[in-house]
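Novice: Pasting a structure below so you can have a look.
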Amino acid sequence: MEYKKAKITQVKSRIGHPERQKRTLEALGLKKINSVKEVVLTPQVEGMINKVKHLLSVEEI
């Protein structure tokens, strides 16, 4: 099965958000504003992105 890739960028601060969302950002590999990570869009990663989509910018590659 072939999965698509996406480039995710953190565009908003994690300050003031629940601990669970902070941990989700860290699990995605995002530590600071404007940090960028290329990820494979598996169903698990898509779910993580949906939980913190208000803090991210997502581009499909």
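Residues are referred to by chain and number: the chain letter is A, B, ... according to the order shown in the structure tokens, the number counts from 1 in that chain, and ligands are numbered separately from 1 in the order shown.
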Which residues are close to range 37-51 of chain A, i.e. within 7 Å by only C-alpha atoms, leaving aside same-chain residues fewer than 5 positions away? Reply as a PDB file with C-alpha atoms, in the first residue's frame.
Specialist:
```
ATOM      1  CA  TYR A   3       0.854   6.322   1.288  1.00  0.00           C
ATOM      2  CA  LYS A   4       1.113   9.986   0.338  1.00  0.00           C
ATOM      3  CA  LYS A   5       3.570  12.366   1.958  1.00  0.00           C
ATOM      4  CA  ALA A   6       2.887  15.751   3.500  1.00  0.00           C
ATOM      5  CA  LYS A   7       4.916  18.680   4.711  1.00  0.00           C
ATOM      6  CA  ILE A   8       3.622  19.964   8.056  1.00  0.00           C
ATOM      7  CA  THR A   9       4.631  23.304   9.548  1.00  0.00           C
ATOM      8  CA  THR A  24       1.007  15.342  19.904  1.00  0.00           C
ATOM      9  CA  GLY A  29       8.513  16.072  15.520  1.00  0.00           C
TER      10      GLY A  29
END
```
Novice: Residues of chain A classed as alpha helix (DSSP H) by DSSP on the backbone are to be reported as number ranges by chain.
Specialist: A: 19-28, 43-51
Novice: Limited to C-alpha atoms, could you put the picked residues into a file as an mmCIF file, in the first residue's frame?
Specialist:
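The result, written out as part-v2.cif:
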```cif
data_model
loop_
_atom_site.group_PDB
_atom_site.id
_atom_site.type_symbol
_atom_site.label_atom_id
_atom_site.label_comp_id
_atom_site.auth_asym_id
_atom_site.auth_seq_id
_atom_site.Cartn_x
_atom_site.Cartn_y
_atom_site.Cartn_z
ATOM 1 C CA GLU A 19 -0.753 18.970 27.517
ATOM 2 C CA ARG A 20 -2.163 16.306 25.202
ATOM 3 C CA GLN A 21 -1.862 18.641 22.197
ATOM 4 C CA LYS A 22 1.689 19.599 23.200
ATOM 5 C CA ARG A 23 2.637 15.920 23.293
ATOM 6 C CA THR A 24 1.007 15.342 19.904
ATOM 7 C CA LEU A 25 3.110 18.130 18.367
ATOM 8 C CA GLU A 26 6.224 16.624 19.892
ATOM 9 C CA ALA A 27 5.300 13.163 18.577
ATOM 10 C CA LEU A 28 4.979 14.676 15.098
ATOM 11 C CA PRO A 43 -4.079 6.802 9.199
ATOM 12 C CA GLN A 44 -2.341 7.238 12.579
ATOM 13 C CA VAL A 45 -0.439 10.351 11.495
ATOM 14 C CA GLU A 46 -3.563 11.814 9.854
ATOM 15 C CA GLY A 47 -5.395 11.428 13.166
ATOM 16 C CA MET A 48 -2.580 13.209 15.004
ATOM 17 C CA ILE A 49 -2.642 16.047 12.469
ATOM 18 C CA ASN A 50 -6.431 16.390 12.874
ATOM 19 C CA LYS A 51 -6.060 16.788 16.657
#
```
Novice: So that I can check the secondary structure, give me every residue of chain A assigned strand (DSSP E) by backbone DSSP, as a PyMOL selection string.
Specialist: chain A and resi 5-10+36-40+56-60
Novice: From the list A:Val58, A:Ile33, A:Val52, A:Met1, which residue is nearest Pro18 in chain A when using only C-alpha atoms?
Specialist: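 Result for the nearest residue to Pro18 in chain A: A:Val52.
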Novice: In Å, with one decimal, what is the gap from CA of Lys31 in chain A to CA of Leu55 in chain A?
Specialist: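 Between CA of Lys31 in chain A and CA of Leu55 in chain A the gap works out to 12.0 Å.
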Novice: Take CA of Glu60 in chain A and CA of Lys32 in chain A and report the distance between them in Å, one decimal.
Specialist: 20.9 Å
